[in-house]
Amino acid sequence: MGKEKGRLDDLRHRIDAIDDDILALLNERAKVVIEVGKTKEGDRQEFYVPSREMAIYQRLTAQNPGPFPSEAIRRVFREIISASLALEHPMRVAFLGPQATFTHAAALQQFGLSAQLVPQKSIPAVFDEVLRSRCHYGVVPVENSTEGVVSHTLDMFMDSDLQINAEILLEISHDLLSLSGDLERVRKVVSHPQALAQCRKWLEDNLPDIPLVDVGSTALAAQMVAEDDSAAAIASEMAASLYGLRVTKKKIEDNPNNYTRFLVIGRKRPARSGQDKTSIMFSVKDEPGILYRMLEPFSTRKINLSKIESRPLKKKAWEYIFFLDIEGHLEDDRVREAVEDLRQYCQFLKVLGSYPRIR
């Protein structure tokens with residue numbers, strides 16, 4: 001027993017020594033980051049560079065020999081980079097709030113705990129905070145793998161000159177939360193309409209006669225349920241922790257492969273990373289064969305279109321705005337040429353951003 005305790009003490013001393021080395025290296029890294037910040041400030045460069053962050057994650061994951069898990073590398077270095085950015089320049093990020101929404105979780109995933117995350121009541125408010133330079137960046141939802149696009153976000157790009165700087169992909173898992181944790185006591189279920197839709201089958205099978213109430217966000221639902229013992233909210237585990245609720249049932253979403261894509265919006269277009277996506281919006285002249293000619297510039301150059309979406313043009317009946325996600329950066333010759341070819345068929349065309357794509 002004494003021998004085993006002695007070995008355990010030795011191992012703990014080794015861990016302490018390694019931790020001391022890590023701490024020293026973190027501070028050494030921080031000093032270099034401060035110098036980088038001074039250089040950027042002198043050259044008026046952007047402090048937040050999504051392509052640089054992605055390159056760091058990919059390089060470290062590729063070089064990882066183990067046994068430290070590769071999936072944890074991004075989480076660890078996310079916080080290191082977040083703290084480093086805070087040393088360079090305090091980062092303010094607007095997001096569709098309140099706290100504990102999935103947009104909040106996406107903002108944390110992208111910017112880390114050291115960023116100042118500022119909740120907003122609506123998607124237009126997020127755009128406005130960034131446009132008026134009260135926040136450096138904003139995070140808004142754009143589409144869900146089950147329920148489709150978030151129309152408010154697409155509509156905002158009609159009149160906004162903000163650029164997409166990055167995309168975030170977040171796995172969405174819905175829990176049923178209540179004060180008691182007792183399913184038998186639930187008399188109504190409260191949540192955002194999309195969350196209710198994503199759990200429709202589970203609700204029909206398990207709470208068929210219970211009324212469903214739409215509210216503005218999953219986090220607001222959790223806030224309401226924290227004051228009502230007869231209600232349950234569909235929200236995240238983060239919301240349960242924040243509002244003192246119990247998980248009545250975990251993972252009640254109908255589709256376990258449920259993801260939401262979010263966009264980071266800013267005032268400038270990021271530089272090319274080599275693994276980019278370009279998003280554009282446009283309307284075309286109504287004439288025979290226009291849909292074929294709309295896609296031809298990309299087909300002839302073998303450019304992949306990862307998304308095509310249409311929205312009714314509010315100012316005119318039966319006319320549409322198209323949204324395209326194109327693989328590649330606008331600085332790539334073939335992407336730029338394809339967009340210019342398309343422009344000749346358009347009543348208007350706007351580039352929403354070129355940014356690193358999520359694999």
# chains A, B, ... in the order shown; residues from 1 in each chain; ligands from 1

$ select_by_dssp --residues "stretch 94-202 of chain A" --states "strand (DSSP E or B)" --output "PDB file with N, CA and C atoms, in the first residue's frame"
ATOM      1  N   ALA A  94     -22.531  40.319 -30.519  1.00  0.00           N
ATOM      2  CA  ALA A  94     -23.981  40.288 -30.335  1.00  0.00           C
ATOM      3  C   ALA A  94     -24.517  38.933 -30.778  1.00  0.00           C
ATOM      4  N   PHE A  95     -25.541  38.455 -30.089  1.00  0.00           N
ATOM      5  CA  PHE A  95     -26.172  37.192 -30.486  1.00  0.00           C
ATOM      6  C   PHE A  95     -27.651  37.248 -30.172  1.00  0.00           C
ATOM      7  N   LEU A  96     -28.417  36.402 -30.871  1.00  0.00           N
ATOM      8  CA  LEU A  96     -29.854  36.320 -30.619  1.00  0.00           C
ATOM      9  C   LEU A  96     -30.070  35.667 -29.264  1.00  0.00           C
ATOM     10  N   GLN A 116     -16.900  39.040 -24.868  1.00  0.00           N
ATOM     11  CA  GLN A 116     -18.063  39.637 -24.222  1.00  0.00           C
ATOM     12  C   GLN A 116     -19.272  39.404 -25.121  1.00  0.00           C
ATOM     13  N   LEU A 117     -20.116  38.456 -24.743  1.00  0.00           N
ATOM     14  CA  LEU A 117     -21.274  38.087 -25.546  1.00  0.00           C
ATOM     15  C   LEU A 117     -22.480  38.914 -25.097  1.00  0.00           C
ATOM     16  N   VAL A 118     -23.101  39.613 -26.053  1.00  0.00           N
ATOM     17  CA  VAL A 118     -24.151  40.589 -25.736  1.00  0.00           C
ATOM     18  C   VAL A 118     -25.475  40.104 -26.312  1.00  0.00           C
ATOM     19  N   PRO A 119     -26.430  39.666 -25.470  1.00  0.00           N
ATOM     20  CA  PRO A 119     -27.704  39.143 -25.994  1.00  0.00           C
ATOM     21  C   PRO A 119     -28.576  40.248 -26.578  1.00  0.00           C
ATOM     22  N   GLN A 120     -29.281  39.912 -27.688  1.00  0.00           N
ATOM     23  CA  GLN A 120     -30.207  40.839 -28.339  1.00  0.00           C
ATOM     24  C   GLN A 120     -31.574  40.179 -28.448  1.00  0.00           C
ATOM     25  N   TYR A 137     -18.861  41.786 -33.904  1.00  0.00           N
ATOM     26  CA  TYR A 137     -19.443  40.714 -34.717  1.00  0.00           C
ATOM     27  C   TYR A 137     -20.805  40.352 -34.154  1.00  0.00           C
ATOM     28  N   GLY A 138     -21.578  39.620 -34.958  1.00  0.00           N
ATOM     29  CA  GLY A 138     -22.864  39.114 -34.514  1.00  0.00           C
ATOM     30  C   GLY A 138     -23.005  37.650 -34.897  1.00  0.00           C
ATOM     31  N   VAL A 139     -23.832  36.917 -34.166  1.00  0.00           N
ATOM     32  CA  VAL A 139     -24.106  35.507 -34.460  1.00  0.00           C
ATOM     33  C   VAL A 139     -25.616  35.333 -34.588  1.00  0.00           C
ATOM     34  N   VAL A 140     -26.042  34.802 -35.755  1.00  0.00           N
ATOM     35  CA  VAL A 140     -27.468  34.607 -36.026  1.00  0.00           C
ATOM     36  C   VAL A 140     -27.683  33.220 -36.636  1.00  0.00           C
ATOM     37  N   PRO A 141     -28.832  32.577 -36.360  1.00  0.00           N
ATOM     38  CA  PRO A 141     -29.137  31.289 -37.008  1.00  0.00           C
ATOM     39  C   PRO A 141     -29.561  31.517 -38.445  1.00  0.00           C
ATOM     40  N   VAL A 142     -29.232  30.559 -39.335  1.00  0.00           N
ATOM     41  CA  VAL A 142     -29.639  30.710 -40.732  1.00  0.00           C
ATOM     42  C   VAL A 142     -30.409  29.501 -41.265  1.00  0.00           C
ATOM     43  N   GLU A 143     -30.124  28.293 -40.759  1.00  0.00           N
ATOM     44  CA  GLU A 143     -30.912  27.143 -41.216  1.00  0.00           C
ATOM     45  C   GLU A 143     -30.743  25.971 -40.263  1.00  0.00           C
ATOM     46  N   ASN A 144     -31.781  25.136 -40.245  1.00  0.00           N
ATOM     47  CA  ASN A 144     -31.763  23.906 -39.456  1.00  0.00           C
ATOM     48  C   ASN A 144     -31.918  22.717 -40.387  1.00  0.00           C
ATOM     49  N   GLY A 148     -35.341  23.645 -41.959  1.00  0.00           N
ATOM     50  CA  GLY A 148     -35.036  24.534 -43.073  1.00  0.00           C
ATOM     51  C   GLY A 148     -34.526  25.903 -42.647  1.00  0.00           C
ATOM     52  N   VAL A 149     -34.688  26.894 -43.546  1.00  0.00           N
ATOM     53  CA  VAL A 149     -34.044  28.195 -43.358  1.00  0.00           C
ATOM     54  C   VAL A 149     -34.743  29.035 -42.290  1.00  0.00           C
ATOM     55  N   GLN A 163     -21.161  41.621 -43.900  1.00  0.00           N
ATOM     56  CA  GLN A 163     -20.621  40.463 -44.594  1.00  0.00           C
ATOM     57  C   GLN A 163     -20.627  39.237 -43.668  1.00  0.00           C
ATOM     58  N   ILE A 164     -20.826  38.072 -44.261  1.00  0.00           N
ATOM     59  CA  ILE A 164     -20.651  36.823 -43.506  1.00  0.00           C
ATOM     60  C   ILE A 164     -19.157  36.594 -43.330  1.00  0.00           C
ATOM     61  N   ASN A 165     -18.723  36.420 -42.073  1.00  0.00           N
ATOM     62  CA  ASN A 165     -17.310  36.215 -41.757  1.00  0.00           C
ATOM     63  C   ASN A 165     -16.963  34.764 -41.456  1.00  0.00           C
ATOM     64  N   ALA A 166     -17.953  33.996 -41.032  1.00  0.00           N
ATOM     65  CA  ALA A 166     -17.713  32.586 -40.682  1.00  0.00           C
ATOM     66  C   ALA A 166     -19.054  31.892 -40.536  1.00  0.00           C
ATOM     67  N   GLU A 167     -19.029  30.563 -40.540  1.00  0.00           N
ATOM     68  CA  GLU A 167     -20.226  29.782 -40.253  1.00  0.00           C
ATOM     69  C   GLU A 167     -19.939  28.853 -39.081  1.00  0.00           C
ATOM     70  N   ILE A 168     -20.975  28.528 -38.353  1.00  0.00           N
ATOM     71  CA  ILE A 168     -20.871  27.650 -37.180  1.00  0.00           C
ATOM     72  C   ILE A 168     -21.902  26.546 -37.356  1.00  0.00           C
ATOM     73  N   LEU A 169     -21.509  25.318 -37.126  1.00  0.00           N
ATOM     74  CA  LEU A 169     -22.435  24.183 -37.171  1.00  0.00           C
ATOM     75  C   LEU A 169     -22.558  23.621 -35.765  1.00  0.00           C
ATOM     76  N   LEU A 170     -23.772  23.621 -35.237  1.00  0.00           N
ATOM     77  CA  LEU A 170     -24.007  23.177 -33.859  1.00  0.00           C
ATOM     78  C   LEU A 170     -25.000  22.028 -33.852  1.00  0.00           C
ATOM     79  N   GLU A 171     -24.614  20.935 -33.200  1.00  0.00           N
ATOM     80  CA  GLU A 171     -25.550  19.813 -33.034  1.00  0.00           C
ATOM     81  C   GLU A 171     -26.608  20.220 -32.014  1.00  0.00           C
ATOM     82  N   ASP A 175     -33.983  18.909 -24.683  1.00  0.00           N
ATOM     83  CA  ASP A 175     -34.410  18.229 -23.459  1.00  0.00           C
ATOM     84  C   ASP A 175     -35.751  18.811 -23.003  1.00  0.00           C
ATOM     85  N   LEU A 176     -36.553  17.979 -22.352  1.00  0.00           N
ATOM     86  CA  LEU A 176     -37.781  18.461 -21.712  1.00  0.00           C
ATOM     87  C   LEU A 176     -37.421  18.816 -20.273  1.00  0.00           C
ATOM     88  N   LEU A 177     -37.637  20.075 -19.899  1.00  0.00           N
ATOM     89  CA  LEU A 177     -37.231  20.582 -18.583  1.00  0.00           C
ATOM     90  C   LEU A 177     -38.445  21.014 -17.773  1.00  0.00           C
ATOM     91  N   SER A 178     -38.375  20.796 -16.471  1.00  0.00           N
ATOM     92  CA  SER A 178     -39.432  21.284 -15.580  1.00  0.00           C
ATOM     93  C   SER A 178     -38.857  21.488 -14.187  1.00  0.00           C
ATOM     94  N   LYS A 188     -48.656  21.827 -19.676  1.00  0.00           N
ATOM     95  CA  LYS A 188     -48.436  22.509 -20.953  1.00  0.00           C
ATOM     96  C   LYS A 188     -46.938  22.480 -21.260  1.00  0.00           C
ATOM     97  N   VAL A 189     -46.618  22.559 -22.547  1.00  0.00           N
ATOM     98  CA  VAL A 189     -45.222  22.557 -22.987  1.00  0.00           C
ATOM     99  C   VAL A 189     -44.958  23.857 -23.732  1.00  0.00           C
ATOM    100  N   VAL A 190     -43.888  24.531 -23.344  1.00  0.00           N
ATOM    101  CA  VAL A 190     -43.561  25.856 -23.861  1.00  0.00           C
ATOM    102  C   VAL A 190     -42.220  25.788 -24.585  1.00  0.00           C
ATOM    103  N   SER A 191     -42.131  26.389 -25.770  1.00  0.00           N
ATOM    104  CA  SER A 191     -40.835  26.477 -26.455  1.00  0.00           C
ATOM    105  C   SER A 191     -40.941  27.342 -27.708  1.00  0.00           C
TER     106      SER A 191
END

$ residues_around --residues "A:Leu305" --least-positions-apart "3" --cutoff "7 Å" --atoms "only C-alpha atoms" --output "list in words"
Leu324, Asp325, Ile326 and Glu327 of chain A

$ closest_residue --among "A:Gly37, A:Tyr345, A:Ala17, A:Leu113" --to "A:Glu287" --atoms "only C-alpha atoms"
A:Tyr345

$ closest_residue --among "A:Asp21, A:Asp276, A:Asp9, A:Glu309" --to "A:Gly328" --atoms "only C-alpha atoms"
A:Asp276

$ closest_residue --among "A:Asp161, A:Ser133, A:Ser310, A:Leu154" --to "A:Leu291" --atoms "only C-alpha atoms"
A:Ser310

$ residues_around --residues "A:His136" --least-positions-apart "6" --cutoff "7 Å" --atoms "only C-alpha atoms" --output "PyMOL selection string"
chain A and resi 91-93+130+266

$ residues_around --residues "A:Glu319" --least-positions-apart "3" --cutoff "12 Å" --atoms "only C-alpha atoms" --output "list in words"
Phe282, Ser283, Val284, Lys285, Asp286, Glu287, Ser310, Arg311, Pro312, Leu313, Lys314, Lys315, Lys316, Phe322 and Gln347 of chain A

$ closest_residue --among "A:Gly274, A:Phe298, A:Leu263, A:Ile172" --to "A:Ile234" --atoms "only C-alpha atoms"
A:Ile172

$ closest_residue --among "A:Leu108, A:Val351, A:Leu242, A:Val225" --to "A:Arg269" --atoms "only C-alpha atoms"
A:Val351

$ atom_distance --atom1 "atom CA of A:Met281" --atom2 "atom CA of A:Leu349"
5.8 Å

$ residues_around --residues "A:Asp209" --least-positions-apart "3" --cutoff "12 Å" --atoms "only C-alpha atoms" --output "mmCIF file with all heavy atoms, in the first residue's frame"
data_model
loop_
_atom_site.group_PDB
_atom_site.id
_atom_site.type_symbol
_atom_site.label_atom_id
_atom_site.label_comp_id
_atom_site.auth_asym_id
_atom_site.auth_seq_id
_atom_site.Cartn_x
_atom_site.Cartn_y
_atom_site.Cartn_z
ATOM 1 N N VAL A 186 -46.851 17.624 -15.859
ATOM 2 C CA VAL A 186 -46.798 18.588 -16.968
ATOM 3 C C VAL A 186 -48.198 18.832 -17.523
ATOM 4 O O VAL A 186 -48.890 17.887 -17.927
ATOM 5 C CB VAL A 186 -45.851 18.071 -18.088
ATOM 6 C CG1 VAL A 186 -45.926 19.009 -19.302
ATOM 7 C CG2 VAL A 186 -44.429 17.962 -17.572
ATOM 8 N N ARG A 187 -48.616 20.111 -17.557
ATOM 9 C CA ARG A 187 -49.934 20.482 -18.072
ATOM 10 C C ARG A 187 -49.856 21.329 -19.349
ATOM 11 O O ARG A 187 -50.862 21.541 -20.021
ATOM 12 C CB ARG A 187 -50.717 21.256 -16.997
ATOM 13 C CG ARG A 187 -51.064 20.396 -15.772
ATOM 14 C CD ARG A 187 -52.036 19.285 -16.146
ATOM 15 N NE ARG A 187 -52.266 18.351 -15.047
ATOM 16 C CZ ARG A 187 -51.632 17.198 -14.884
ATOM 17 N NH1 ARG A 187 -50.720 16.825 -15.784
ATOM 18 N NH2 ARG A 187 -51.889 16.409 -13.870
ATOM 19 N N LYS A 188 -48.656 21.827 -19.676
ATOM 20 C CA LYS A 188 -48.436 22.509 -20.953
ATOM 21 C C LYS A 188 -46.938 22.480 -21.260
ATOM 22 O O LYS A 188 -46.111 22.377 -20.349
ATOM 23 C CB LYS A 188 -48.958 23.946 -20.930
ATOM 24 C CG LYS A 188 -48.228 24.869 -19.973
ATOM 25 C CD LYS A 188 -48.832 26.279 -20.048
ATOM 26 C CE LYS A 188 -48.167 27.184 -19.009
ATOM 27 N NZ LYS A 188 -48.741 28.543 -18.995
ATOM 28 N N VAL A 189 -46.618 22.559 -22.547
ATOM 29 C CA VAL A 189 -45.222 22.557 -22.987
ATOM 30 C C VAL A 189 -44.958 23.857 -23.732
ATOM 31 O O VAL A 189 -45.706 24.237 -24.632
ATOM 32 C CB VAL A 189 -44.919 21.352 -23.901
ATOM 33 C CG1 VAL A 189 -43.482 21.424 -24.421
ATOM 34 C CG2 VAL A 189 -45.139 20.042 -23.140
ATOM 35 N N LEU A 203 -43.719 14.451 -28.787
ATOM 36 C CA LEU A 203 -44.814 15.088 -28.055
ATOM 37 C C LEU A 203 -46.142 14.388 -28.337
ATOM 38 O O LEU A 203 -46.939 14.166 -27.422
ATOM 39 C CB LEU A 203 -44.901 16.573 -28.442
ATOM 40 C CG LEU A 203 -43.746 17.451 -27.955
ATOM 41 C CD1 LEU A 203 -43.796 18.807 -28.631
ATOM 42 C CD2 LEU A 203 -43.782 17.610 -26.438
ATOM 43 N N GLU A 204 -46.388 14.016 -29.594
ATOM 44 C CA GLU A 204 -47.624 13.308 -29.945
ATOM 45 C C GLU A 204 -47.695 11.947 -29.269
ATOM 46 O O GLU A 204 -48.771 11.514 -28.832
ATOM 47 C CB GLU A 204 -47.719 13.145 -31.454
ATOM 48 C CG GLU A 204 -48.012 14.446 -32.193
ATOM 49 C CD GLU A 204 -47.927 14.287 -33.706
ATOM 50 O OE1 GLU A 204 -47.550 13.180 -34.161
ATOM 51 O OE2 GLU A 204 -48.233 15.259 -34.423
ATOM 52 N N ASP A 205 -46.556 11.263 -29.154
ATOM 53 C CA ASP A 205 -46.530 9.922 -28.562
ATOM 54 C C ASP A 205 -46.610 9.954 -27.036
ATOM 55 O O ASP A 205 -47.187 9.050 -26.426
ATOM 56 C CB ASP A 205 -45.248 9.185 -28.974
ATOM 57 C CG ASP A 205 -45.228 8.815 -30.443
ATOM 58 O OD1 ASP A 205 -46.302 8.874 -31.087
ATOM 59 O OD2 ASP A 205 -44.144 8.478 -30.949
ATOM 60 N N ASN A 206 -46.025 10.985 -26.413
ATOM 61 C CA ASN A 206 -45.879 10.978 -24.956
ATOM 62 C C ASN A 206 -46.756 11.997 -24.228
ATOM 63 O O ASN A 206 -47.101 11.777 -23.068
ATOM 64 C CB ASN A 206 -44.411 11.235 -24.589
ATOM 65 C CG ASN A 206 -43.497 10.117 -25.036
ATOM 66 O OD1 ASN A 206 -43.319 9.128 -24.341
ATOM 67 N ND2 ASN A 206 -42.919 10.268 -26.227
ATOM 68 N N LEU A 212 -49.501 23.031 -26.520
ATOM 69 C CA LEU A 212 -48.163 23.529 -26.832
ATOM 70 C C LEU A 212 -48.244 25.046 -26.988
ATOM 71 O O LEU A 212 -49.132 25.572 -27.665
ATOM 72 C CB LEU A 212 -47.643 22.896 -28.127
ATOM 73 C CG LEU A 212 -47.707 21.362 -28.209
ATOM 74 C CD1 LEU A 212 -47.179 20.886 -29.568
ATOM 75 C CD2 LEU A 212 -46.935 20.707 -27.071
#

$ atom_distance --atom1 "atom CA of A:Phe348" --atom2 "atom CA of A:Asp155"
15.0 Å

$ atom_distance --atom1 "atom CA of A:Lys307" --atom2 "atom CA of A:Phe323"
7.7 Å

$ residues_around --residues "A:Asp341" --least-positions-apart "3" --cutoff "10 Å" --atoms "only C-alpha atoms" --output "list in words"
Arg293, Met294, Glu296, Pro297, Phe298, Val335, Arg336, Glu337, Ala338, Gln344, Tyr345 and Cys346 of chain A

$ residues_around --residues "A:Glu253" --least-positions-apart "2" --cutoff "12 Å" --atoms "only C-alpha atoms" --output "ChimeraX atom specification"
/A:146-147,171-176,194-203,234-236,249-251,255-259

$ closest_residue --among "A:Ala86, A:Ala106, A:Leu26, A:Leu60" --to "A:Tyr48" --atoms "only C-alpha atoms"
A:Ala86
